[in-house]
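**Student:** TSV, C-alpha atoms and all ligand atoms, saved as entry-v5.tsv, coming up:
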chain	number	residue	atom	x	y	z
A	459	MET	CA	0.00	0.00	0.00
A	460	PRO	CA	2.67	2.62	0.89
A	461	LYS	CA	4.36	1.85	-2.47
A	462	LEU	CA	1.08	2.38	-4.29
A	463	LEU	CA	0.48	5.71	-2.55
A	464	GLU	CA	3.99	6.81	-3.41
A	465	ARG	CA	3.34	6.12	-7.06
A	466	LEU	CA	-0.16	7.56	-6.94
A	467	ILE	CA	-0.11	10.75	-4.88
A	468	ARG	CA	1.89	13.92	-5.55
A	469	PRO	CA	4.64	14.29	-2.92
A	470	GLU	CA	3.45	17.77	-1.89
A	471	ILE	CA	0.00	16.33	-1.16
A	472	ARG	CA	1.40	13.33	0.76
A	473	ASN	CA	3.37	15.74	2.93
A	474	LEU	CA	0.24	17.66	3.90
A	475	ASP	CA	-1.89	17.08	6.96
A	476	THR	CA	-5.65	16.98	6.48
A	477	TYR	CA	-7.28	20.32	7.34
A	478	GLN	CA	-8.15	19.83	11.02
A	479	VAL	CA	-11.33	21.13	12.56
A	480	PRO	CA	-11.12	20.63	16.33
A	481	ASP	CA	-14.06	19.08	18.17
A	482	ALA	CA	-15.91	21.79	20.08
A	483	THR	CA	-18.50	19.56	21.77
A	484	GLY	CA	-19.46	21.04	25.13
A	485	LEU	CA	-17.13	24.00	24.70
A	486	ILE	CA	-17.77	27.71	24.16
A	487	LYS	CA	-16.70	27.94	20.52
A	488	LEU	CA	-14.51	30.98	19.95
A	489	ASP	CA	-12.07	29.49	17.43
A	490	ALA	CA	-13.56	29.99	13.97
A	491	MET	CA	-14.82	33.58	13.60
A	492	GLU	CA	-18.43	32.51	13.59
A	493	ASN	CA	-21.22	34.94	14.42
A	494	PRO	CA	-22.54	33.72	17.83
A	495	TYR	CA	-26.15	34.81	17.27
A	496	ILE	CA	-29.00	32.78	15.84
A	497	TRP	CA	-32.01	34.21	14.01
A	498	PRO	CA	-35.21	35.24	15.78
A	499	GLU	CA	-37.83	32.48	15.80
A	500	GLY	CA	-40.30	34.40	13.60
A	501	LEU	CA	-37.77	34.84	10.84
A	502	ARG	CA	-36.69	31.21	11.02
A	503	HIS	CA	-40.28	30.27	10.41
A	504	GLU	CA	-40.46	32.58	7.35
A	505	TRP	CA	-37.19	31.20	6.06
A	506	LEU	CA	-38.51	27.63	6.30
A	507	GLU	CA	-41.58	28.74	4.37
A	508	ALA	CA	-39.30	30.05	1.62
A	509	LEU	CA	-37.49	26.70	1.52
A	510	ARG	CA	-40.81	24.86	1.22
A	511	ALA	CA	-41.16	26.20	-2.33
A	512	VAL	CA	-37.79	24.76	-3.39
A	513	HIS	CA	-37.74	21.74	-5.71
A	514	LEU	CA	-34.79	19.55	-4.89
A	515	ASN	CA	-35.36	17.30	-7.90
A	516	ARG	CA	-34.17	20.11	-10.20
A	517	TYR	CA	-30.66	21.48	-10.58
A	518	PRO	CA	-30.21	24.94	-9.09
A	519	ASP	CA	-30.25	28.08	-11.24
A	520	PRO	CA	-26.69	27.82	-12.63
A	521	GLN	CA	-26.08	31.58	-12.35
A	522	GLY	CA	-27.95	32.15	-9.09
A	523	SER	CA	-29.73	35.01	-10.88
A	524	GLU	CA	-32.18	35.94	-8.15
A	525	LEU	CA	-29.51	35.86	-5.45
A	526	ARG	CA	-27.24	38.03	-7.59
A	527	VAL	CA	-29.83	40.79	-7.78
A	528	VAL	CA	-30.28	40.75	-3.99
A	529	LEU	CA	-26.51	40.60	-3.40
A	530	ARG	CA	-25.79	43.53	-5.71
A	531	ALA	CA	-28.38	45.69	-4.01
A	532	SER	CA	-27.47	44.63	-0.49
A	533	MET	CA	-23.69	44.97	-0.88
A	534	GLY	CA	-23.60	48.00	-3.15
A	535	ILE	CA	-21.73	46.28	-5.95
A	536	PRO	CA	-21.25	48.78	-8.78
A	537	ASP	CA	-23.51	48.01	-11.79
A	538	THR	CA	-20.54	48.19	-14.15
A	539	MET	CA	-18.73	45.40	-12.29
A	540	GLY	CA	-19.04	41.65	-12.74
A	541	LEU	CA	-20.07	39.31	-9.94
A	542	LEU	CA	-19.06	35.68	-9.47
A	543	LEU	CA	-20.52	33.39	-6.78
A	544	GLY	CA	-18.51	30.71	-5.01
A	545	ASN	CA	-19.10	27.87	-2.58
A	546	GLY	CA	-17.52	29.98	0.14
A	547	SER	CA	-14.74	32.37	-0.79
A	548	ASP	CA	-12.34	29.44	-0.49
A	549	GLU	CA	-13.75	28.15	-3.77
A	550	LEU	CA	-13.18	31.54	-5.39
A	551	ILE	CA	-9.53	31.47	-4.31
A	552	GLN	CA	-9.30	28.07	-5.96
A	553	MET	CA	-11.06	29.19	-9.16
A	554	SER	CA	-8.78	32.24	-9.44
A	555	ALA	CA	-5.70	30.06	-9.00
A	556	LEU	CA	-6.90	27.49	-11.55
A	557	ALA	CA	-7.55	30.25	-14.09
A	558	VAL	CA	-4.03	31.72	-13.93
A	559	ALA	CA	-1.70	28.88	-12.86
A	560	GLN	CA	1.14	28.21	-15.28
A	561	PRO	CA	4.71	27.06	-14.73
A	562	GLY	CA	6.76	29.97	-13.46
A	563	ARG	CA	3.77	32.17	-12.57
A	564	GLY	CA	3.21	32.08	-8.84
A	565	MET	CA	1.04	33.46	-6.07
A	566	LEU	CA	2.14	36.06	-3.54
A	567	SER	CA	0.67	37.05	-0.20
A	568	VAL	CA	1.86	38.01	3.25
A	569	ASP	CA	2.83	35.96	6.29
A	570	PRO	CA	1.13	35.59	8.69
A	571	GLY	CA	-1.84	35.52	6.36
A	572	PHE	CA	-4.86	33.41	5.52
A	573	VAL	CA	-3.65	29.79	5.27
A	574	MET	CA	-5.88	28.82	2.33
A	575	TYR	CA	-3.91	31.01	-0.11
A	576	ARG	CA	-0.80	28.90	0.38
A	577	MET	CA	-2.76	25.64	0.40
A	578	ILE	CA	-4.63	26.40	-2.79
A	579	ALA	CA	-1.44	27.54	-4.53
A	580	LEU	CA	-0.06	24.11	-3.71
A	581	PHE	CA	-3.19	22.32	-4.97
A	582	ALA	CA	-3.02	24.30	-8.21
A	583	GLY	CA	0.70	23.62	-8.64
A	584	MET	CA	1.66	27.28	-8.21
A	585	GLU	CA	4.74	28.57	-6.45
A	586	TYR	CA	3.78	30.53	-3.33
A	587	VAL	CA	5.71	33.44	-1.87
A	588	GLY	CA	4.76	34.83	1.55
A	589	VAL	CA	6.33	38.19	2.36
A	590	PRO	CA	6.68	38.62	6.14
A	591	LEU	CA	4.64	41.36	7.80
A	592	LEU	CA	6.51	43.72	10.11
A	593	ALA	CA	6.99	42.28	13.59
A	594	GLY	CA	5.45	44.62	16.13
A	595	ASP	CA	2.23	45.71	14.48
A	596	PHE	CA	1.86	43.29	11.53
A	597	SER	CA	1.76	46.12	9.01
A	598	LEU	CA	2.85	45.67	5.39
A	599	ASP	CA	6.58	45.77	4.67
A	600	LEU	CA	6.10	47.81	1.52
A	601	PRO	CA	9.74	47.90	0.34
A	602	ALA	CA	9.99	44.11	0.78
A	603	LEU	CA	6.69	43.62	-1.05
A	604	LEU	CA	7.69	45.84	-3.97
A	605	THR	CA	11.00	43.98	-4.25
A	606	ALA	CA	9.23	40.61	-4.15
A	607	LEU	CA	6.70	41.71	-6.80
A	608	ALA	CA	9.51	42.80	-9.12
A	609	ARG	CA	11.53	39.66	-8.51
A	610	GLU	CA	8.80	37.01	-8.52
A	611	GLN	CA	6.38	38.55	-11.04
A	612	PRO	CA	3.44	36.74	-9.37
A	613	VAL	CA	0.37	36.33	-11.54
A	614	LEU	CA	-1.88	36.44	-8.47
A	615	VAL	CA	-1.66	38.46	-5.24
A	616	PHE	CA	-3.96	38.01	-2.24
A	617	LEU	CA	-4.28	40.60	0.51
A	618	ALA	CA	-6.81	40.11	3.29
A	619	TYR	CA	-8.15	43.55	4.24
A	620	PRO	CA	-8.41	43.35	7.28
A	621	ASN	CA	-5.97	40.48	7.74
A	622	ASN	CA	-6.51	37.05	9.32
A	623	PRO	CA	-5.04	35.89	11.74
A	624	THR	CA	-3.65	39.26	12.87
A	625	GLY	CA	-6.90	41.28	12.85
A	626	ASN	CA	-5.34	44.53	11.65
A	627	ARG	CA	-6.18	46.39	8.46
A	628	PHE	CA	-3.33	47.36	6.17
A	629	ASP	CA	-2.64	50.92	5.16
A	630	ALA	CA	-4.86	51.66	2.12
A	631	ASP	CA	-2.14	53.66	0.33
A	632	ALA	CA	0.29	50.73	0.68
A	633	VAL	CA	-2.34	48.41	-0.80
A	634	VAL	CA	-2.73	50.83	-3.72
A	635	ARG	CA	1.04	50.77	-4.29
A	636	ILE	CA	0.88	46.98	-4.45
A	637	ILE	CA	-2.06	46.99	-6.88
A	638	GLU	CA	-0.13	49.41	-9.10
A	639	ALA	CA	3.13	47.47	-8.93
A	640	ALA	CA	1.64	43.99	-9.37
A	641	PRO	CA	2.11	42.47	-12.82
A	642	GLY	CA	-0.99	40.29	-12.38
A	643	LEU	CA	-4.31	40.12	-10.61
A	644	VAL	CA	-4.69	41.51	-7.08
A	645	VAL	CA	-7.50	40.06	-4.98
A	646	VAL	CA	-8.38	42.19	-1.95
A	647	ASP	CA	-10.08	39.70	0.39
A	648	GLU	CA	-12.68	41.51	2.46
A	649	ALA	CA	-13.98	38.58	4.49
A	650	TYR	CA	-14.18	40.91	7.51
A	651	ALA	CA	-15.90	43.79	5.73
A	652	PRO	CA	-18.79	43.96	8.26
A	653	PHE	CA	-16.32	44.73	11.04
A	654	THR	CA	-14.44	47.64	9.46
A	655	ASP	CA	-15.44	50.94	7.86
A	656	HIS	CA	-12.96	50.59	5.01
A	657	SER	CA	-13.32	48.81	1.68
A	658	PHE	CA	-11.93	48.68	-1.83
A	659	LEU	CA	-15.34	47.77	-3.26
A	660	PRO	CA	-16.21	51.41	-4.13
A	661	ARG	CA	-12.80	51.73	-5.82
A	662	LEU	CA	-13.33	48.85	-8.26
A	663	GLY	CA	-12.59	50.03	-11.78
A	664	GLU	CA	-9.78	52.39	-10.75
A	665	TRP	CA	-7.27	49.68	-11.66
A	666	PRO	CA	-7.79	47.01	-14.33
A	667	ASN	CA	-6.21	44.27	-12.17
A	668	LEU	CA	-8.19	44.74	-8.93
A	669	VAL	CA	-10.93	42.38	-7.81
A	670	VAL	CA	-12.60	42.30	-4.39
A	671	MET	CA	-13.59	39.06	-2.69
A	672	ARG	CA	-16.14	38.77	0.09
A	673	THR	CA	-18.00	36.08	1.98
A	674	LEU	CA	-21.21	35.82	3.99
A	675	SER	CA	-19.45	33.50	6.46
A	676	LYS	CA	-18.08	36.00	8.95
A	677	MET	CA	-21.15	38.18	8.57
A	678	GLY	CA	-23.26	35.44	10.13
A	679	LEU	CA	-23.99	32.77	7.51
A	680	ALA	CA	-20.99	30.44	7.76
A	681	GLY	CA	-23.22	27.40	7.37
A	682	LEU	CA	-24.36	28.46	3.90
A	683	ARG	CA	-21.00	28.55	2.13
A	684	LEU	CA	-21.39	31.60	-0.07
A	685	GLY	CA	-18.62	33.89	-1.23
A	686	TYR	CA	-18.47	36.38	-4.08
A	687	LEU	CA	-15.94	38.05	-6.29
A	688	ALA	CA	-16.63	41.50	-7.74
A	689	GLY	CA	-14.51	43.10	-10.43
A	690	PRO	CA	-14.00	43.83	-14.11
A	691	THR	CA	-16.41	41.69	-16.15
A	692	GLU	CA	-13.80	40.47	-18.68
A	693	ILE	CA	-11.62	39.05	-15.88
A	694	LEU	CA	-14.49	37.43	-14.01
A	695	ALA	CA	-15.81	35.88	-17.23
A	696	GLU	CA	-12.49	34.04	-17.62
A	697	ILE	CA	-12.35	32.90	-13.98
A	698	ASP	CA	-15.98	31.77	-14.33
A	699	LYS	CA	-14.85	29.14	-16.84
A	700	THR	CA	-13.11	27.21	-14.05
A	701	ARG	CA	-16.30	27.05	-11.98
A	702	LEU	CA	-17.97	23.67	-11.62
A	703	PRO	CA	-21.57	23.90	-12.80
A	704	TYR	CA	-24.12	24.44	-10.01
A	705	ASN	CA	-21.44	25.33	-7.43
A	706	THR	CA	-23.98	27.16	-5.25
A	707	ASP	CA	-26.82	24.83	-4.37
A	708	VAL	CA	-30.47	25.75	-4.36
A	709	LEU	CA	-30.83	25.79	-0.56
A	710	THR	CA	-27.92	28.23	-0.32
A	711	GLN	CA	-29.31	30.46	-3.06
A	712	VAL	CA	-32.75	30.70	-1.50
A	713	SER	CA	-31.46	31.01	2.07
A	714	ALA	CA	-28.90	33.70	1.27
A	715	ALA	CA	-31.42	35.74	-0.70
A	716	PHE	CA	-33.84	35.45	2.22
A	717	ALA	CA	-31.18	36.45	4.76
A	718	LEU	CA	-30.03	39.44	2.72
A	719	ARG	CA	-33.60	40.68	2.38
A	720	HIS	CA	-33.50	40.84	6.18
A	721	ARG	CA	-30.08	42.38	6.24
A	722	GLU	CA	-31.04	44.54	9.26
A	723	VAL	CA	-30.91	41.41	11.46
A	724	LEU	CA	-27.31	40.74	10.43
A	725	ASP	CA	-26.40	44.42	10.75
A	726	GLU	CA	-27.73	44.55	14.30
A	727	GLN	CA	-25.70	41.44	15.20
A	728	THR	CA	-22.64	43.08	13.66
A	729	ARG	CA	-23.14	46.13	15.88
A	730	TRP	CA	-23.35	43.89	18.97
A	731	ILE	CA	-20.17	42.09	17.95
A	732	ARG	CA	-18.32	45.35	17.34
A	733	ALA	CA	-19.40	46.68	20.75
A	734	GLU	CA	-18.29	43.46	22.44
A	735	ARG	CA	-14.99	43.62	20.55
A	736	SER	CA	-14.16	46.98	22.12
A	737	ARG	CA	-15.26	45.84	25.56
A	738	LEU	CA	-13.16	42.66	25.32
A	739	PHE	CA	-10.20	44.61	23.97
A	740	THR	CA	-10.33	47.01	26.90
A	741	ASP	CA	-10.60	44.14	29.39
A	742	LEU	CA	-7.68	42.29	27.78
A	743	SER	CA	-5.57	45.45	27.74
A	744	GLY	CA	-5.91	45.60	31.52
A	745	LEU	CA	-4.70	42.04	32.03
A	746	ASP	CA	-1.04	41.73	33.08
A	747	GLY	CA	1.05	39.64	30.70
A	748	VAL	CA	-1.46	39.83	27.86
A	749	TYR	CA	-1.16	42.07	24.82
A	750	PRO	CA	-4.22	42.30	22.55
A	751	TYR	CA	-3.60	43.58	19.02
A	752	PRO	CA	-6.04	46.18	17.66
A	753	SER	CA	-8.67	44.52	15.49
A	754	GLU	CA	-11.02	45.51	12.68
A	755	THR	CA	-12.42	41.99	12.51
A	756	ASN	CA	-14.66	39.80	14.72
A	757	PHE	CA	-11.66	38.30	16.51
A	758	ILE	CA	-8.75	39.51	18.62
A	759	LEU	CA	-5.18	38.27	18.36
A	760	LEU	CA	-3.43	38.22	21.71
A	761	ARG	CA	0.13	37.79	22.77
A	762	VAL	CA	0.63	35.88	26.02
A	763	PRO	CA	3.80	35.46	28.12
A	764	ALA	CA	6.66	33.88	26.14
A	765	GLY	CA	6.51	30.11	25.72
A	766	ARG	CA	3.10	29.76	27.37
A	767	ALA	CA	0.58	29.89	24.49
A	768	SER	CA	-0.04	26.12	24.30
A	769	GLU	CA	-0.32	25.73	28.06
A	770	ILE	CA	-2.77	28.64	28.28
A	771	PHE	CA	-4.74	27.25	25.31
A	772	GLU	CA	-5.11	23.90	27.12
A	773	SER	CA	-6.06	25.60	30.35
A	774	LEU	CA	-8.77	27.62	28.55
A	775	LYS	CA	-10.06	24.39	27.06
A	776	ARG	CA	-10.25	22.74	30.47
A	777	GLY	CA	-12.12	25.87	31.54
A	778	GLY	CA	-14.65	25.17	28.76
A	779	VAL	CA	-13.47	27.66	26.11
A	780	LEU	CA	-12.07	26.79	22.69
A	781	VAL	CA	-9.88	29.42	21.01
A	782	LYS	CA	-7.24	29.09	18.28
A	783	ASN	CA	-3.69	28.31	19.34
A	784	LEU	CA	-1.26	29.87	16.88
A	785	ALA	CA	1.94	28.58	18.51
A	786	GLY	CA	3.91	26.55	16.02
A	787	THR	CA	2.11	27.95	12.98
A	788	GLN	CA	4.38	30.89	12.18
A	789	PRO	CA	7.47	32.39	13.86
A	790	LEU	CA	5.80	35.78	14.40
A	791	LEU	CA	2.87	34.10	16.17
A	792	GLU	CA	4.79	31.85	18.56
A	793	ASP	CA	3.18	33.34	21.67
A	794	CYS	CA	-0.22	34.12	20.21
A	795	LEU	CA	-3.81	32.97	20.62
A	796	ARG	CA	-6.75	34.12	18.51
A	797	VAL	CA	-10.17	34.51	20.08
A	798	THR	CA	-13.41	35.11	18.20
A	799	VAL	CA	-15.70	37.71	19.74
A	800	GLY	CA	-18.71	35.88	21.12
A	801	ARG	CA	-21.83	36.82	23.06
A	802	PRO	CA	-21.23	38.90	26.22
A	803	GLU	CA	-21.55	35.91	28.56
A	804	GLU	CA	-19.18	33.85	26.36
A	805	ASN	CA	-16.60	36.63	26.37
A	806	ASP	CA	-16.92	36.91	30.15
A	807	ALA	CA	-16.33	33.16	30.50
A	808	PHE	CA	-13.30	33.41	28.22
A	809	PHE	CA	-11.90	36.37	30.13
A	810	ALA	CA	-12.35	34.65	33.50
A	811	ALA	CA	-10.69	31.45	32.20
A	812	LEU	CA	-7.81	33.47	30.74
A	813	GLU	CA	-7.32	35.41	33.94
A	814	SER	CA	-7.04	32.22	35.96
A	815	ALA	CA	-4.75	30.60	33.36
A	816	ILE	CA	-2.39	33.57	33.45
A	901	LIG	C1	-12.67	32.98	6.77
A	901	LIG	C2	-11.91	33.60	5.66
A	901	LIG	C3	-12.17	33.27	4.32
A	901	LIG	C4	-13.01	32.09	3.91
A	901	LIG	O1	-14.31	32.26	4.00
A	901	LIG	P1	-15.37	31.23	3.42
A	901	LIG	O2	-16.23	32.09	2.58
A	901	LIG	O3	-16.04	30.68	4.61
A	901	LIG	O4	-14.68	30.18	2.59
A	901	LIG	C5	-11.49	33.94	3.34
A	901	LIG	N1	-10.57	34.86	3.64
A	901	LIG	C6	-10.26	35.19	4.90
A	901	LIG	C7	-9.22	36.21	5.17
A	901	LIG	C8	-10.93	34.56	5.95
A	901	LIG	O5	-10.58	34.84	7.21
Spit out the file's structure as structure tokens when you get a sec.
Ligand SMILES: *Cc1c(COP(=O)(O)O)cnc(C)c1O
**Tutor:**
Amino acid sequence: MPKLLERLIRPEIRNLDTYQVPDATGLIKLDAMENPYIWPEGLRHEWLEALRAVHLNRYPDPQGSELRVVLRASMGIPDTMGLLLGNGSDELIQMSALAVAQPGRGMLSVDPGFVMYRMIALFAGMEYVGVPLLAGDFSLDLPALLTALAREQPVLVFLAYPNNPTGNRFDADAVVRIIEAAPGLVVVDEAYAPFTDHSFLPRLGEWPNLVVMRTLSKMGLAGLRLGYLAGPTEILAEIDKTRLPYNTDVLTQVSAAFALRHREVLDEQTRWIRAERSRLFTDLSGLDGVYPYPSETNFILLRVPAGRASEIFESLKRGGVLVKNLAGTQPLLEDCLRVTVGRPEENDAFFAALESAI
């Protein structure tokens, strides 16, 4: 069997570990940037009524036409721009990579950054270059990025704006410099758009190589798996050719359209999460030995005393709280944990468990 696998499977795939999702049974789940709020009962009833009309014997609308109209209106996507739907934004990263991958034309992003960029580059057979962020505040190292762009000539650049797992938002002028210097496509990944007041969406069209990617996951619909790419129509039409037919299923299309027609529910939840984020940040700032990094997302990255991240992570878990342990993932994050902002009582439980662990 091992011989067979050696002959069968690409070495870079054999060397990978399967993407691990930790078991959160019985724990307060603050590890995956999920919105902690469920929908009011009345709306859930209405949503189920909408699903009643769905015919599962038929393939979904291949373009998701009705959902597109609602998305455009709800998100303010410029009429002149194209729109591409994905099974989560992860699928859009994959489609973009598949559309441009060629020998010698790689992908560039920053480290620490969103892990799926690197993974998908590997799946697509693309070289990946991660330019380190500046230690201290995780801002862009613009000179290093410009040098890397000139040297590597990447066909695809991903910048998460704000960034995961650091939580900060990069300087907009530095992002512009990168868009202008990049020889290929630049995808500004705005997964955390609900939690910041800054976006490149209104600036689409200023540069021919800019596209903006978003997802409904962090906004409160992680279970649906719906992401979208907005940008110049000619570019999106090419990327669209790599899409598997019917990539967004009919339940997702109907549910997302329903949810976005009640956008005010999600917006109210976003306001609660933002308010809790500042409360939690203030509390964490007052805790000796802990340094929270400023965040424009629905999570907070924190630095804990040197060498203790894994021990504190385990202690939090014993205290009933699951966060993300970043020790061992990236040199700049050796002493870091990432906590998703939850409901007030969840954040209180996390804070109490952290205090006793420290
Ligand atoms: C969570 C996340 C995504 C992936 O979102 P899905 O739409 O759920 O696939 C993409 N980019 C960043 C930066 C994220 O943090």
**Student:** Any idea what's packed within 10 Å of Leu791 in chain A, counting only C-alpha atoms, ignoring anything in its chain fewer than 5 positions away? Could you give it as a list in words?
**Tutor:**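 So, after excluding close chain neighbours, the residues are Pro570, Ala593, Pro623, Thr624, Leu759, Leu760, Arg761, Ala767, Asn783, Leu784, Ala785, Gly786 and Arg796 of chain A.
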**Student:** Do you know which residues are within 8 Å of ligand LIG 901 (chain A) using only C-alpha atoms and all ligand atoms? Can you write them as a list of chain:residue names?
**Tutor:**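 Here is the list of contacting residues: A:Ala490, A:Met491, A:Asn545, A:Gly546, A:Ser547, A:Asp548, A:Glu549, A:Gly571, A:Phe572, A:Met574, A:Ala618, A:Tyr619, A:Pro620, A:Asn621, A:Asn622, A:Pro623, A:Asp647, A:Glu648, A:Ala649, A:Tyr650, A:Arg672, A:Thr673, A:Leu674, A:Ser675, A:Lys676, A:Ala680, A:Arg683, A:Leu684, A:Gly685.
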**Student:** Of the candidates A:Leu687, A:Val708, A:Met533, A:Thr740, which shows the shortest atom-to-atom distance to Ala511 in chain A, using only C-alpha atoms?
**Tutor:**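 Of A:Leu687, A:Val708, A:Met533, A:Thr740, the one nearest Ala511 in chain A, counting only C-alpha atoms, is A:Val708.
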**Student:** Near Ser736 in chain A, within 12 Å and counting only C-alpha atoms, which residues show up once chain neighbours fewer than 2 positions away are dropped, as a list in words?
**Tutor:**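 Non-adjacent residues within range: Phe653, Arg729, Trp730, Ile731, Arg732, Ala733, Glu734, Leu738, Phe739, Thr740, Asp741, Leu742, Ser743, Pro750, Tyr751, Pro752, Ser753, Glu754, Thr755, Asn756, Phe757, Ile758, Val799, Pro802 and Asn805 of chain A.
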**Student:** Taking only C-alpha atoms into account, which of A:Asp806, A:Phe596, A:Asp707, A:Ala815 comes nearest Gly747 in chain A?
**Tutor:**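 Comparing A:Asp806, A:Phe596, A:Asp707, A:Ala815 against Gly747 in chain A, the winner is A:Ala815.
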**Student:** For range 482-488 of chain A, list every protein, DNA or RNA residue within 6 Å, evaluated using all atoms listed in the file, and leave out those in the same chain fewer than 4 positions away; present the list as a ChimeraX atom specification.
**Tutor:** /A:778-781,797-798
**Student:** Just give me the gap between CA of Ser597 in chain A and CA of Ala555 in chain A in Å, one decimal is fine.
**Tutor:**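 Answer for the CA of Ser597 in chain A to CA of Ala555 in chain A separation: 25.3 Å.
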**Student:** Between A:Leu541, A:Gly777, A:Leu790, A:Lys699, which has the minimum distance to Ala764 in chain A (counting all atoms listed in the file)?
**Tutor:**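 Comparing A:Leu541, A:Gly777, A:Leu790, A:Lys699 against Ala764 in chain A, the winner is A:Leu790.
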**Student:** In Å, how far is it from CA of Ala695 in chain A to CA of Leu679 in chain A?
**Tutor:**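 That distance, rounded to one decimal, is 26.2 Å.
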**Student:** Find the nearest atom pair between each residue of range 680-796 of chain A and range 493-505 of chain A for residues within 8 Å, count all atoms listed in the file, give distances in Å to one decimal, sort rows by chain and ascending number, and present the table as a tab-separated table.
**Tutor:**
residue	atom	partner	partner_atom	distance
A:Ser713	CA	A:Trp505	CA	7.0
A:Phe716	CA	A:Trp505	CA	6.6
A:Val723	CA	A:Trp497	CA	7.7
A:Gln727	CA	A:Tyr495	CA	7.0
**Student:** Using C-alpha atoms, can you export the residues from the last selection as a PDB file, in the frame of the given file?
**Tutor:**
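Written output follows (out28.pdb):
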ATOM      1  CA  SER A 713     -31.460  31.010   2.070  1.00  0.00           C
ATOM      2  CA  PHE A 716     -33.840  35.450   2.220  1.00  0.00           C
ATOM      3  CA  VAL A 723     -30.910  41.410  11.460  1.00  0.00           C
ATOM      4  CA  GLN A 727     -25.700  41.440  15.200  1.00  0.00           C
TER       5      GLN A 727
END
**Student:** Go through range 658-710 of chain A and flag each residue having an atom no more than 9 Å from range 636-645 of chain A; for those, report the closest pair of atoms plus their distance in Å to one decimal, using all atoms listed in the file, ordered by chain and rising number, as CSV.
**Tutor:**
residue,atom,partner,partner_atom,distance
A:Trp665,CA,A:Ile637,CA,7.6
A:Pro666,CA,A:Leu643,CA,8.6
A:Asn667,CA,A:Leu643,CA,4.8
A:Leu668,CA,A:Val644,CA,5.1
A:Val669,CA,A:Val645,CA,5.0
A:Val670,CA,A:Val645,CA,5.6
A:Met671,CA,A:Val645,CA,6.6
A:Leu687,CA,A:Val645,CA,8.8
**Student:** Of the candidates A:Glu813, A:Asp629, A:Glu696, A:Asp537, which one gets nearest to Leu774 in chain A if we count all atoms listed in the file?
**Tutor:**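 Of all the options, A:Glu813 lies closest to Leu774 in chain A.
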**Student:** Which value, in Å to one decimal, gives the distance between CA of Thr787 in chain A and CA of Gly588 in chain A?
**Tutor:**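 Between CA of Thr787 in chain A and CA of Gly588 in chain A the gap is 13.6 Å.
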**Student:** Fewer than 6 positions away in the same chain doesn't count, so skip those; otherwise give me all residues within 9 Å of Pro660 in chain A, counting all atoms listed in the file, as a VMD selection string.
**Tutor:** chain A and resid 534 to 536
**Student:** Of the residues A:Val762, A:Ala651, A:Val528, A:Leu603, which is the one nearest to Leu745 in chain A, using only C-alpha atoms?
**Tutor:**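 Checking each candidate against Leu745 in chain A, we get A:Val762 as the closest.
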